[in-house]
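One file, my_file_14.tsv, carrying TSV, C-alpha atoms:
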```tsv
chain	number	residue	atom	x	y	z
A	1170	MET	CA	-16.89	53.61	-120.71
A	1171	ASN	CA	-19.34	51.17	-122.23
A	1172	LEU	CA	-22.16	48.90	-121.17
A	1173	ASN	CA	-19.86	46.24	-119.69
A	1174	SER	CA	-17.98	48.82	-117.63
A	1175	HIS	CA	-21.18	50.38	-116.28
A	1176	ILE	CA	-22.52	46.99	-115.21
A	1177	LYS	CA	-19.20	46.03	-113.66
A	1178	ASP	CA	-19.13	49.28	-111.66
A	1179	PHE	CA	-22.70	48.73	-110.52
A	1180	PHE	CA	-21.91	45.31	-109.10
A	1181	PHE	CA	-18.51	46.03	-107.59
A	1182	GLU	CA	-19.38	49.42	-106.05
A	1183	ASN	CA	-22.39	47.92	-104.32
A	1184	GLU	CA	-20.65	44.61	-103.57
A	1185	TYR	CA	-23.49	42.71	-105.20
A	1186	ASP	CA	-20.92	40.41	-106.76
A	1187	ARG	CA	-20.47	38.77	-103.34
A	1188	LEU	CA	-24.06	37.62	-102.99
A	1189	ALA	CA	-23.61	34.24	-104.67
A	1190	GLU	CA	-20.88	31.99	-106.03
A	1191	ASP	CA	-21.68	33.00	-109.55
A	1192	ILE	CA	-23.50	36.18	-110.49
A	1193	SER	CA	-23.69	36.98	-114.19
A	1194	ILE	CA	-25.36	39.33	-116.60
A	1195	ILE	CA	-25.90	37.55	-119.89
A	1196	ARG	CA	-27.11	38.74	-123.28
A	1197	LYS	CA	-30.09	36.91	-124.71
A	1198	ASP	CA	-27.80	35.10	-127.16
A	1199	GLY	CA	-25.75	33.69	-124.28
A	1200	ILE	CA	-22.76	36.02	-124.35
A	1201	PRO	CA	-21.85	37.11	-120.82
A	1202	VAL	CA	-21.32	40.85	-120.31
A	1203	PHE	CA	-20.50	40.57	-116.61
A	1204	SER	CA	-19.48	37.74	-114.32
A	1205	ASN	CA	-18.04	37.81	-110.81
A	1206	ARG	CA	-15.71	35.01	-111.83
A	1207	ASN	CA	-14.11	34.57	-115.20
A	1208	GLN	CA	-13.89	30.80	-115.21
A	1209	SER	CA	-16.69	29.08	-117.12
A	1210	SER	CA	-18.67	32.30	-117.60
A	1211	VAL	CA	-19.03	31.65	-121.33
A	1212	THR	CA	-20.39	28.18	-120.70
A	1213	ILE	CA	-22.77	29.46	-118.04
A	1214	GLY	CA	-23.98	32.14	-120.47
A	1215	ALA	CA	-24.81	29.59	-123.15
A	1216	LEU	CA	-26.64	27.34	-120.70
A	1217	ILE	CA	-28.63	30.11	-119.00
A	1218	SER	CA	-29.72	31.55	-122.34
A	1219	GLY	CA	-30.75	28.08	-123.59
A	1220	LEU	CA	-32.57	27.39	-120.34
A	1221	TRP	CA	-34.55	30.63	-120.49
A	1222	GLN	CA	-35.44	30.29	-124.14
A	1223	ALA	CA	-36.59	26.71	-123.66
A	1224	SER	CA	-38.70	27.78	-120.67
A	1225	GLU	CA	-40.24	30.61	-122.68
A	1226	SER	CA	-41.19	28.17	-125.42
A	1227	LEU	CA	-42.71	25.85	-122.84
A	1228	SER	CA	-44.73	28.69	-121.32
A	1229	LYS	CA	-46.00	29.68	-124.75
A	1230	GLN	CA	-47.83	26.36	-124.81
A	1231	VAL	CA	-50.32	27.85	-122.37
A	1232	THR	CA	-50.07	31.61	-122.83
A	1233	GLU	CA	-50.11	34.07	-125.72
A	1234	LYS	CA	-47.47	36.25	-124.05
A	1235	GLU	CA	-44.67	37.51	-126.26
A	1236	ARG	CA	-42.42	38.91	-123.52
A	1237	PHE	CA	-41.84	37.32	-120.15
A	1238	LYS	CA	-40.48	40.38	-118.41
A	1239	ASP	CA	-42.12	39.64	-115.05
A	1240	TYR	CA	-41.14	35.95	-115.01
A	1241	ARG	CA	-38.54	34.26	-112.81
A	1242	LEU	CA	-36.75	31.00	-113.43
A	1243	ALA	CA	-35.62	28.82	-110.55
A	1244	PHE	CA	-34.04	25.39	-110.32
A	1245	ASP	CA	-33.23	24.75	-106.71
A	1246	SER	CA	-33.26	22.72	-103.54
A	1247	SER	CA	-33.47	24.12	-100.02
A	1248	ASP	CA	-29.91	25.51	-100.00
A	1249	GLN	CA	-28.53	25.49	-103.56
A	1250	GLY	CA	-29.70	26.26	-107.05
A	1251	VAL	CA	-29.95	28.58	-110.01
A	1252	TYR	CA	-32.10	31.70	-110.18
A	1253	VAL	CA	-32.59	33.74	-113.34
A	1254	LEU	CA	-34.37	37.04	-113.89
A	1255	PRO	CA	-34.88	38.99	-117.11
A	1256	VAL	CA	-33.35	42.48	-117.10
A	1257	PHE	CA	-34.10	45.13	-119.69
A	1258	ILE	CA	-31.22	47.43	-120.56
A	1259	PHE	CA	-31.68	49.92	-123.41
A	1260	ASP	CA	-34.85	47.93	-124.17
A	1261	GLU	CA	-32.80	44.79	-124.85
A	1262	LEU	CA	-33.29	41.54	-122.92
A	1263	TYR	CA	-30.47	40.38	-120.65
A	1264	PHE	CA	-30.46	37.79	-117.87
A	1265	LEU	CA	-29.37	38.27	-114.29
A	1266	SER	CA	-28.37	34.81	-113.12
A	1267	ALA	CA	-27.19	33.60	-109.75
A	1268	ILE	CA	-25.82	30.16	-108.98
A	1269	TYR	CA	-25.62	29.56	-105.26
A	1270	ASN	CA	-24.55	26.80	-102.91
A	1271	LYS	CA	-24.91	26.25	-99.13
A	1272	GLU	CA	-27.23	29.25	-98.92
A	1273	ARG	CA	-28.96	29.53	-95.53
A	1274	ASN	CA	-31.75	31.76	-96.76
A	1275	PRO	CA	-32.39	31.33	-100.49
A	1276	GLY	CA	-35.66	33.26	-100.18
A	1277	LYS	CA	-33.78	36.32	-98.98
A	1278	LEU	CA	-31.20	35.93	-101.75
A	1279	LYS	CA	-33.92	35.76	-104.41
A	1280	SER	CA	-35.58	38.84	-102.97
A	1281	GLN	CA	-32.24	40.70	-103.06
A	1282	LEU	CA	-31.73	39.64	-106.66
A	1283	ARG	CA	-35.14	41.01	-107.64
A	1284	LEU	CA	-34.19	44.33	-106.05
A	1285	ILE	CA	-30.84	44.29	-107.86
A	1286	LYS	CA	-32.64	43.69	-111.15
A	1287	SER	CA	-34.79	46.78	-110.62
A	1288	SER	CA	-31.85	48.86	-109.39
A	1289	LEU	CA	-29.74	47.84	-112.38
A	1290	GLU	CA	-32.50	48.79	-114.82
A	1291	ILE	CA	-32.84	52.21	-113.16
A	1292	TYR	CA	-29.05	52.67	-112.96
A	1293	MET	CA	-28.55	51.83	-116.64
A	1294	SER	CA	-31.41	54.06	-117.76
A	1295	GLY	CA	-29.22	56.96	-116.65
A	1296	PHE	CA	-26.77	56.25	-119.47
A	1297	LYS	CA	-27.17	56.70	-123.15
A	1298	LYS	CA	-26.58	53.84	-125.55
A	1299	ASN	CA	-22.96	53.95	-126.61
A	1300	LYS	CA	-22.43	55.39	-130.08
A	1301	SER	CA	-20.22	52.45	-130.95
A	1302	GLU	CA	-23.30	50.23	-130.79
A	1303	SER	CA	-24.89	52.04	-133.71
A	1304	ARG	CA	-21.89	52.28	-136.05
A	1305	GLU	CA	-22.42	51.92	-139.76
A	1306	GLY	CA	-20.59	49.81	-142.33
A	1307	TYR	CA	-18.62	46.65	-141.69
A	1308	LEU	CA	-16.00	46.01	-139.02
A	1309	PHE	CA	-13.64	44.32	-141.49
A	1310	GLU	CA	-13.66	45.33	-145.14
A	1311	ASP	CA	-11.48	42.42	-146.20
A	1312	ILE	CA	-9.70	39.52	-144.53
A	1313	THR	CA	-7.11	37.34	-146.20
A	1314	ASP	CA	-6.84	33.56	-145.84
A	1315	GLU	CA	-3.42	34.09	-144.27
A	1316	GLU	CA	-4.96	36.23	-141.52
A	1317	ILE	CA	-7.52	33.50	-140.82
A	1318	ASP	CA	-4.73	30.90	-140.66
A	1319	SER	CA	-2.85	33.09	-138.16
A	1320	MET	CA	-5.97	33.48	-136.04
A	1321	PHE	CA	-6.24	29.73	-135.71
A	1322	LYS	CA	-2.52	29.09	-135.17
A	1323	VAL	CA	-2.66	30.37	-131.58
A	1324	SER	CA	-5.06	27.56	-130.77
A	1325	GLY	CA	-2.51	25.01	-131.88
A	1326	ILE	CA	-4.41	24.30	-135.08
B	899	MET	CA	-26.06	38.61	-133.82
B	900	SER	CA	-22.34	39.10	-133.24
B	901	PHE	CA	-21.21	41.14	-130.27
B	902	VAL	CA	-18.40	43.63	-130.72
B	903	ASN	CA	-16.98	45.30	-127.63
B	904	TYR	CA	-15.06	48.30	-128.95
B	905	HIS	CA	-13.88	49.16	-125.44
B	906	THR	CA	-12.10	45.87	-124.76
B	907	LYS	CA	-11.65	45.15	-128.47
B	908	GLU	CA	-13.40	41.79	-128.45
B	909	VAL	CA	-15.56	40.10	-131.04
B	910	ASN	CA	-17.97	37.27	-130.17
B	911	CYS	CA	-19.69	35.30	-132.92
B	912	LYS	CA	-22.16	32.43	-132.92
B	913	ILE	CA	-21.71	29.61	-135.41
B	914	VAL	CA	-24.29	26.81	-135.60
B	915	TYR	CA	-23.64	23.37	-137.08
B	916	TYR	CA	-26.91	22.25	-138.69
B	917	GLY	CA	-27.86	19.11	-140.59
B	918	PRO	CA	-29.62	15.75	-140.48
B	919	GLY	CA	-29.35	13.34	-137.56
B	920	LEU	CA	-26.13	11.33	-137.30
B	921	GLY	CA	-24.57	13.48	-140.03
B	922	GLY	CA	-21.49	14.39	-137.96
B	923	LYS	CA	-22.23	17.80	-136.42
B	924	THR	CA	-21.12	16.80	-132.92
B	925	THR	CA	-18.13	14.94	-134.36
B	926	ASN	CA	-17.00	18.18	-136.02
B	927	ILE	CA	-16.87	20.17	-132.82
B	928	GLN	CA	-15.50	17.23	-130.83
B	929	HIS	CA	-12.57	17.21	-133.22
B	930	VAL	CA	-12.10	20.96	-132.79
B	931	TYR	CA	-12.15	20.44	-129.02
B	932	LYS	CA	-9.57	17.62	-129.16
B	933	ARG	CA	-7.19	19.51	-131.42
B	934	THR	CA	-7.32	22.88	-129.70
B	935	ALA	CA	-4.72	23.90	-127.13
B	936	GLY	CA	-5.98	23.94	-123.53
B	937	ASN	CA	-5.94	27.70	-122.87
B	938	ASN	CA	-7.91	28.53	-125.98
B	939	LYS	CA	-10.95	26.41	-125.43
B	940	GLY	CA	-13.60	26.51	-122.78
B	941	LYS	CA	-15.58	23.58	-121.47
B	942	MET	CA	-17.41	21.63	-124.13
B	943	VAL	CA	-21.02	21.26	-123.04
B	944	THR	CA	-23.09	18.39	-124.38
B	945	LEU	CA	-26.74	17.92	-123.58
B	946	ASN	CA	-27.33	14.37	-124.77
B	947	THR	CA	-29.94	11.66	-124.62
B	948	GLU	CA	-29.03	8.40	-122.90
B	949	ASN	CA	-27.81	6.93	-126.17
B	950	GLU	CA	-25.51	9.91	-126.79
B	951	ARG	CA	-27.65	11.64	-129.39
B	952	THR	CA	-27.79	15.43	-129.05
B	953	LEU	CA	-30.88	16.38	-127.06
B	954	PHE	CA	-30.64	20.17	-126.94
B	955	PHE	CA	-27.23	21.39	-128.11
B	956	ASP	CA	-23.48	20.97	-127.90
B	957	PHE	CA	-21.51	24.09	-127.15
B	958	LEU	CA	-17.82	24.91	-127.47
B	959	PRO	CA	-16.35	28.38	-126.91
B	960	LEU	CA	-13.17	28.83	-128.91
B	961	ASP	CA	-10.70	31.69	-128.37
B	962	LEU	CA	-8.74	32.65	-131.47
B	963	ALA	CA	-5.85	35.06	-131.98
B	964	GLU	CA	-6.40	38.74	-132.57
B	965	ILE	CA	-7.38	40.04	-135.94
B	966	ARG	CA	-6.63	43.72	-136.63
B	967	GLY	CA	-6.37	44.22	-132.86
B	968	PHE	CA	-9.66	42.50	-132.02
B	969	LYS	CA	-9.62	39.41	-129.80
B	970	THR	CA	-11.97	36.88	-131.36
B	971	ARG	CA	-14.11	34.24	-129.73
B	972	MET	CA	-16.25	31.80	-131.70
B	973	HIS	CA	-19.20	30.18	-129.95
B	974	LEU	CA	-19.77	26.85	-131.70
B	975	TYR	CA	-23.18	25.19	-131.31
B	976	THR	CA	-24.71	22.09	-132.82
B	977	VAL	CA	-28.43	21.52	-133.16
B	978	PRO	CA	-30.05	18.14	-132.49
B	979	GLY	CA	-30.52	16.49	-135.87
B	980	GLN	CA	-33.43	14.21	-135.07
B	981	VAL	CA	-36.66	15.32	-136.70
B	982	ILE	CA	-38.60	15.51	-133.42
B	983	TYR	CA	-36.37	18.28	-132.04
B	984	GLU	CA	-37.52	21.03	-134.41
B	985	ALA	CA	-38.41	23.39	-131.53
B	986	SER	CA	-34.87	23.12	-130.13
B	987	ARG	CA	-33.34	23.84	-133.53
B	988	LYS	CA	-35.36	27.04	-133.80
B	989	LEU	CA	-34.14	28.20	-130.39
B	990	ILE	CA	-30.50	27.50	-131.13
B	991	LEU	CA	-30.62	29.40	-134.42
B	992	ARG	CA	-31.61	32.60	-132.62
B	993	GLY	CA	-28.89	35.20	-132.96
B	994	VAL	CA	-26.82	33.03	-135.30
B	995	ASP	CA	-23.97	34.68	-137.24
B	996	GLY	CA	-23.08	31.78	-139.49
B	997	VAL	CA	-24.17	28.22	-140.29
B	998	VAL	CA	-22.23	25.12	-141.24
B	999	PHE	CA	-24.59	22.69	-142.94
B	1000	VAL	CA	-23.18	19.20	-142.38
B	1001	ALA	CA	-24.61	16.91	-145.03
B	1002	ASP	CA	-24.28	13.13	-144.90
B	1003	SER	CA	-22.81	12.05	-148.23
B	1004	GLN	CA	-24.35	8.57	-148.22
B	1005	VAL	CA	-26.78	8.07	-151.08
B	1006	ASP	CA	-29.60	6.89	-148.83
B	1007	LYS	CA	-29.29	10.05	-146.70
B	1008	MET	CA	-30.07	12.47	-149.52
B	1009	GLU	CA	-33.73	12.71	-148.53
B	1010	ALA	CA	-32.76	13.53	-144.92
B	1011	ASN	CA	-30.27	16.14	-146.14
B	1012	LEU	CA	-32.91	17.81	-148.31
B	1013	GLU	CA	-35.47	17.81	-145.52
B	1014	SER	CA	-32.97	19.27	-143.05
B	1015	PHE	CA	-31.81	21.98	-145.46
B	1016	GLN	CA	-35.42	22.94	-146.14
B	1017	GLY	CA	-35.92	23.14	-142.38
B	1018	LEU	CA	-32.91	25.43	-142.09
B	1019	LYS	CA	-34.30	27.70	-144.78
B	1020	ASN	CA	-37.70	27.84	-143.10
B	1021	ASN	CA	-36.31	28.47	-139.65
B	1022	LEU	CA	-33.98	31.24	-140.79
B	1023	LYS	CA	-36.77	32.88	-142.74
B	1024	GLU	CA	-39.11	32.62	-139.77
B	1025	GLN	CA	-36.56	34.48	-137.67
B	1026	GLY	CA	-36.25	37.26	-140.21
B	1027	TYR	CA	-32.98	36.23	-141.83
B	1028	ASP	CA	-32.40	36.65	-145.54
B	1029	LEU	CA	-30.87	33.33	-146.58
B	1030	GLU	CA	-28.64	34.93	-149.15
B	1031	ARG	CA	-27.14	37.27	-146.55
B	1032	VAL	CA	-26.42	34.74	-143.81
B	1033	PRO	CA	-22.93	33.25	-144.06
B	1034	ILE	CA	-23.42	29.56	-144.80
B	1035	VAL	CA	-20.82	26.92	-145.60
B	1036	MET	CA	-21.71	23.43	-146.80
B	1037	GLN	CA	-19.78	20.39	-145.65
B	1038	TRP	CA	-20.06	17.10	-147.52
B	1039	ASN	CA	-19.23	14.72	-144.68
B	1040	LYS	CA	-18.44	11.00	-144.56
B	1041	ARG	CA	-16.54	11.01	-147.86
B	1042	ASP	CA	-14.66	7.90	-146.71
B	1043	LEU	CA	-17.75	5.70	-146.74
B	1044	PRO	CA	-18.85	3.45	-149.63
B	1045	ASN	CA	-22.06	4.20	-151.51
B	1046	ILE	CA	-21.78	7.96	-151.36
B	1047	ALA	CA	-23.27	10.53	-153.71
B	1048	SER	CA	-20.86	12.39	-155.95
B	1049	VAL	CA	-19.88	15.92	-154.98
B	1050	GLN	CA	-21.54	17.15	-158.18
B	1051	GLU	CA	-24.81	15.56	-157.16
B	1052	LEU	CA	-24.63	17.01	-153.64
B	1053	GLU	CA	-23.87	20.45	-155.08
B	1054	LYS	CA	-26.74	20.19	-157.53
B	1055	LYS	CA	-29.33	19.03	-155.01
B	1056	LEU	CA	-28.29	20.92	-151.90
B	1057	ASN	CA	-26.25	23.92	-152.93
B	1058	GLU	CA	-28.54	25.95	-155.13
B	1059	TYR	CA	-27.14	29.16	-153.60
B	1060	ASP	CA	-23.55	28.22	-154.43
B	1061	PHE	CA	-22.28	28.50	-150.87
B	1062	PRO	CA	-18.63	27.57	-150.29
B	1063	SER	CA	-18.39	23.80	-149.78
B	1064	PHE	CA	-15.88	21.33	-148.39
B	1065	GLU	CA	-15.48	17.58	-148.47
B	1066	ALA	CA	-14.87	16.05	-145.06
B	1067	CYS	CA	-14.45	12.98	-142.94
B	1068	ALA	CA	-15.08	14.52	-139.54
B	1069	LEU	CA	-14.31	11.30	-137.71
B	1070	LYS	CA	-10.73	11.48	-138.99
B	1071	GLY	CA	-10.65	15.27	-138.71
B	1072	GLU	CA	-10.38	15.74	-142.47
B	1073	GLY	CA	-12.01	18.94	-143.68
B	1074	VAL	CA	-13.09	20.01	-140.18
B	1075	PHE	CA	-10.80	23.02	-139.83
B	1076	GLU	CA	-11.05	23.98	-143.49
B	1077	THR	CA	-14.81	24.29	-142.95
B	1078	LEU	CA	-14.45	26.17	-139.66
B	1079	LYS	CA	-11.89	28.60	-141.07
B	1080	SER	CA	-14.11	29.31	-144.04
B	1081	ILE	CA	-17.24	30.05	-141.99
B	1082	SER	CA	-15.18	32.12	-139.54
B	1083	LYS	CA	-13.93	34.29	-142.37
B	1084	TYR	CA	-17.41	34.88	-143.79
B	1085	VAL	CA	-18.84	35.59	-140.35
B	1086	LEU	CA	-16.13	38.14	-139.55
B	1087	LEU	CA	-16.58	39.85	-142.92
B	1088	ASN	CA	-20.30	40.09	-142.21
B	1089	ILE	CA	-20.00	41.92	-138.85
B	1090	LYS	CA	-21.67	45.28	-139.00
B	1091	GLY	CA	-20.19	48.32	-137.27
B	1092	GLY	CA	-17.22	50.00	-138.91
B	1093	LEU	CA	-14.32	51.48	-136.98
```
Output the file's structure as structure tokens, nothing else.
Amino acid sequence: MNLNSHIKDFFFENEYDRLAEDISIIRKDGIPVFSNRNQSSVTIGALISGLWQASESLSKQVTEKERFKDYRLAFDSSDQGVYVLPVFIFDELYFLSAIYNKERNPGKLKSQLRLIKSSLEIYMSGFKKNKSESREGYLFEDITDEEIDSMFKVSGI
Amino acid sequence: MSFVNYHTKEVNCKIVYYGPGLGGKTTNIQHVYKRTAGNNKGKMVTLNTENERTLFFDFLPLDLAEIRGFKTRMHLYTVPGQVIYEASRKLILRGVDGVVFVADSQVDKMEANLESFQGLKNNLKEQGYDLERVPIVMQWNKRDLPNIASVQELEKKLNEYDFPSFEACALKGEGVFETLKSISKYVLLNIKGGL
């Protein structure tokens, strides 16, 4: 079991993955660690991370805050939009993002997402950081040019 | 900051193409996108101005074959090259694992190259990176144009750290994959967390 598996269990066991068309948990560098749909999750991760970081920088124009842990980010109309919340897992920043469409009660959805954020933080605090995340040394001691060529061959390059 | 999932045996790395405006950063990853087989690439995202200059970033996720049992995905980003977008460049460099510096070989672009490289150094330093420990590859682009600086001159003025360098004509695809393969290798060798 690792972080991704814990998060996946949390969403599927509670059926939170059904709340919106796209629900994702994204690392601060844009890499998705959970998504209720595989398609485009990497792209969504990059955009959500960029969006949040740009918004943080904008907010810093008027505040001295260093962490925006109680902030929310919304881009929406009356029935569709994007909603992003910061989530802290093992003291690291992640994003809980929801992209929704034809939502009758977006206010209720946002409220549910805020509760999910808190529940997820409490749920994850029950686990210890995986040992694999604090390994020493390098993953690859050496890599040959031939191995790199083979890596790229699968992409038709 | 690369992400290694030991459970699913996946490696994710972030590579940023950096350099002066109109130097060919977007052209590099557009060529990668065009040449890559459908299943191995995600959507290419471009956040452009009306006149097709990069406003925030371009992004291309690229799935590669396994290496030593690890599935590898490279996240390719470009920064906007125009001087006014310094704040965006800083954001995009966050968590970077490797940088391709795309220099414009034209003689009259040397000043812009130097200014951009100095900006890269400052931004990496500001984010706590040690320049000599970040994998960086230099690309001398637009080698097909007239009135270009010699490779020796580019090396002397821009490559004081002796990073690996490649000549390229990104518009024709020349040197694009050589550069990408090189930075990929250095990035993978730099991933912390032994088995």
May I have a table of the residues of chain B lying at most 9 Å from chain A, giving each one's closest pair of atoms and their distance in Å to one decimal, counting only C-alpha atoms, ordered by chain and ascending residue number, as a Markdown table?
```
| residue | atom | partner | partner_atom | distance |
| --- | --- | --- | --- | --- |
| B:Met899 | CA | A:Asp1198 | CA | 7.7 |
| B:Phe901 | CA | A:Ile1200 | CA | 8.0 |
| B:Val902 | CA | A:Glu1302 | CA | 8.2 |
| B:Asn903 | CA | A:Asn1171 | CA | 8.3 |
| B:Tyr904 | CA | A:Ser1301 | CA | 6.9 |
| B:His905 | CA | A:Asn1171 | CA | 6.6 |
| B:Asn910 | CA | A:Ile1200 | CA | 7.6 |
| B:Lys912 | CA | A:Asp1198 | CA | 8.5 |
| B:Val930 | CA | A:Ile1326 | CA | 8.7 |
| B:Arg933 | CA | A:Ile1326 | CA | 6.6 |
| B:Thr934 | CA | A:Ser1324 | CA | 5.3 |
| B:Ala935 | CA | A:Ser1324 | CA | 5.2 |
| B:Gly936 | CA | A:Ser1324 | CA | 8.1 |
| B:Asn937 | CA | A:Ser1324 | CA | 8.0 |
| B:Asn938 | CA | A:Ser1324 | CA | 5.7 |
| B:Lys939 | CA | A:Ser1324 | CA | 8.0 |
| B:Gly940 | CA | A:Ser1209 | CA | 6.9 |
| B:Lys941 | CA | A:Thr1212 | CA | 6.7 |
| B:Met942 | CA | A:Thr1212 | CA | 8.0 |
| B:Val943 | CA | A:Thr1212 | CA | 7.3 |
| B:Phe954 | CA | A:Gly1219 | CA | 8.6 |
| B:Phe955 | CA | A:Gly1219 | CA | 8.8 |
| B:Phe957 | CA | A:Ala1215 | CA | 7.6 |
| B:Leu958 | CA | A:Thr1212 | CA | 7.9 |
| B:Pro959 | CA | A:Val1211 | CA | 7.0 |
| B:Leu960 | CA | A:Ser1324 | CA | 8.4 |
| B:Asp961 | CA | A:Ser1324 | CA | 7.4 |
| B:Leu962 | CA | A:Met1320 | CA | 5.4 |
| B:Ala963 | CA | A:Met1320 | CA | 4.4 |
| B:Glu964 | CA | A:Met1320 | CA | 6.3 |
| B:Ile965 | CA | A:Met1320 | CA | 6.7 |
| B:Arg966 | CA | A:Phe1309 | CA | 8.6 |
| B:Thr970 | CA | A:Met1320 | CA | 8.3 |
| B:His973 | CA | A:Val1211 | CA | 8.7 |
| B:Ala985 | CA | A:Ser1226 | CA | 8.2 |
| B:Ser986 | CA | A:Ala1223 | CA | 7.6 |
| B:Leu989 | CA | A:Gln1222 | CA | 6.7 |
| B:Ile990 | CA | A:Gly1219 | CA | 7.6 |
| B:Arg992 | CA | A:Asp1198 | CA | 7.1 |
| B:Gly993 | CA | A:Asp1198 | CA | 5.9 |
| B:Val994 | CA | A:Asp1198 | CA | 8.5 |
| B:Phe1075 | CA | A:Ile1326 | CA | 8.1 |
| B:Lys1079 | CA | A:Ile1317 | CA | 6.6 |
| B:Ser1080 | CA | A:Ile1317 | CA | 8.4 |
| B:Ser1082 | CA | A:Ile1317 | CA | 7.9 |
| B:Lys1083 | CA | A:Ile1317 | CA | 6.6 |
| B:Leu1086 | CA | A:Phe1309 | CA | 6.9 |
| B:Leu1087 | CA | A:Phe1309 | CA | 5.5 |
| B:Asn1088 | CA | A:Tyr1307 | CA | 6.8 |
| B:Ile1089 | CA | A:Tyr1307 | CA | 5.7 |
| B:Lys1090 | CA | A:Tyr1307 | CA | 4.3 |
| B:Gly1091 | CA | A:Arg1304 | CA | 4.5 |
| B:Gly1092 | CA | A:Leu1308 | CA | 4.2 |
| B:Leu1093 | CA | A:Leu1308 | CA | 6.1 |
```
Could you take the residues named above and write them with C-alpha atoms, as a PDB file, keeping the file's coordinate frame?
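Now in result.pdb:
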```pdb
ATOM      1  CA  MET B 899     -26.060  38.610-133.820  1.00  0.00           C
ATOM      2  CA  PHE B 901     -21.210  41.140-130.270  1.00  0.00           C
ATOM      3  CA  VAL B 902     -18.400  43.630-130.720  1.00  0.00           C
ATOM      4  CA  ASN B 903     -16.980  45.300-127.630  1.00  0.00           C
ATOM      5  CA  TYR B 904     -15.060  48.300-128.950  1.00  0.00           C
ATOM      6  CA  HIS B 905     -13.880  49.160-125.440  1.00  0.00           C
ATOM      7  CA  ASN B 910     -17.970  37.270-130.170  1.00  0.00           C
ATOM      8  CA  LYS B 912     -22.160  32.430-132.920  1.00  0.00           C
ATOM      9  CA  VAL B 930     -12.100  20.960-132.790  1.00  0.00           C
ATOM     10  CA  ARG B 933      -7.190  19.510-131.420  1.00  0.00           C
ATOM     11  CA  THR B 934      -7.320  22.880-129.700  1.00  0.00           C
ATOM     12  CA  ALA B 935      -4.720  23.900-127.130  1.00  0.00           C
ATOM     13  CA  GLY B 936      -5.980  23.940-123.530  1.00  0.00           C
ATOM     14  CA  ASN B 937      -5.940  27.700-122.870  1.00  0.00           C
ATOM     15  CA  ASN B 938      -7.910  28.530-125.980  1.00  0.00           C
ATOM     16  CA  LYS B 939     -10.950  26.410-125.430  1.00  0.00           C
ATOM     17  CA  GLY B 940     -13.600  26.510-122.780  1.00  0.00           C
ATOM     18  CA  LYS B 941     -15.580  23.580-121.470  1.00  0.00           C
ATOM     19  CA  MET B 942     -17.410  21.630-124.130  1.00  0.00           C
ATOM     20  CA  VAL B 943     -21.020  21.260-123.040  1.00  0.00           C
ATOM     21  CA  PHE B 954     -30.640  20.170-126.940  1.00  0.00           C
ATOM     22  CA  PHE B 955     -27.230  21.390-128.110  1.00  0.00           C
ATOM     23  CA  PHE B 957     -21.510  24.090-127.150  1.00  0.00           C
ATOM     24  CA  LEU B 958     -17.820  24.910-127.470  1.00  0.00           C
ATOM     25  CA  PRO B 959     -16.350  28.380-126.910  1.00  0.00           C
ATOM     26  CA  LEU B 960     -13.170  28.830-128.910  1.00  0.00           C
ATOM     27  CA  ASP B 961     -10.700  31.690-128.370  1.00  0.00           C
ATOM     28  CA  LEU B 962      -8.740  32.650-131.470  1.00  0.00           C
ATOM     29  CA  ALA B 963      -5.850  35.060-131.980  1.00  0.00           C
ATOM     30  CA  GLU B 964      -6.400  38.740-132.570  1.00  0.00           C
ATOM     31  CA  ILE B 965      -7.380  40.040-135.940  1.00  0.00           C
ATOM     32  CA  ARG B 966      -6.630  43.720-136.630  1.00  0.00           C
ATOM     33  CA  THR B 970     -11.970  36.880-131.360  1.00  0.00           C
ATOM     34  CA  HIS B 973     -19.200  30.180-129.950  1.00  0.00           C
ATOM     35  CA  ALA B 985     -38.410  23.390-131.530  1.00  0.00           C
ATOM     36  CA  SER B 986     -34.870  23.120-130.130  1.00  0.00           C
ATOM     37  CA  LEU B 989     -34.140  28.200-130.390  1.00  0.00           C
ATOM     38  CA  ILE B 990     -30.500  27.500-131.130  1.00  0.00           C
ATOM     39  CA  ARG B 992     -31.610  32.600-132.620  1.00  0.00           C
ATOM     40  CA  GLY B 993     -28.890  35.200-132.960  1.00  0.00           C
ATOM     41  CA  VAL B 994     -26.820  33.030-135.300  1.00  0.00           C
ATOM     42  CA  PHE B1075     -10.800  23.020-139.830  1.00  0.00           C
ATOM     43  CA  LYS B1079     -11.890  28.600-141.070  1.00  0.00           C
ATOM     44  CA  SER B1080     -14.110  29.310-144.040  1.00  0.00           C
ATOM     45  CA  SER B1082     -15.180  32.120-139.540  1.00  0.00           C
ATOM     46  CA  LYS B1083     -13.930  34.290-142.370  1.00  0.00           C
ATOM     47  CA  LEU B1086     -16.130  38.140-139.550  1.00  0.00           C
ATOM     48  CA  LEU B1087     -16.580  39.850-142.920  1.00  0.00           C
ATOM     49  CA  ASN B1088     -20.300  40.090-142.210  1.00  0.00           C
ATOM     50  CA  ILE B1089     -20.000  41.920-138.850  1.00  0.00           C
ATOM     51  CA  LYS B1090     -21.670  45.280-139.000  1.00  0.00           C
ATOM     52  CA  GLY B1091     -20.190  48.320-137.270  1.00  0.00           C
ATOM     53  CA  GLY B1092     -17.220  50.000-138.910  1.00  0.00           C
ATOM     54  CA  LEU B1093     -14.320  51.480-136.980  1.00  0.00           C
TER      55      LEU B1093
END
```
Handout entry: Residues within 10 Å of Ile1192 of chain A, only C-alpha atoms, excluding chain neighbours under 5 positions, as a PyMOL selection string
Key = chain A and resi 1180+1185-1187+1203-1206+1210+1251-1253+1265-1269+1282
Problem - Proximity to Ser1246 of chain A - best of A:Glu1190, A:Glu1233, A:Glu1272, A:Glu1290, only C-alpha atoms - result: A:Glu1272
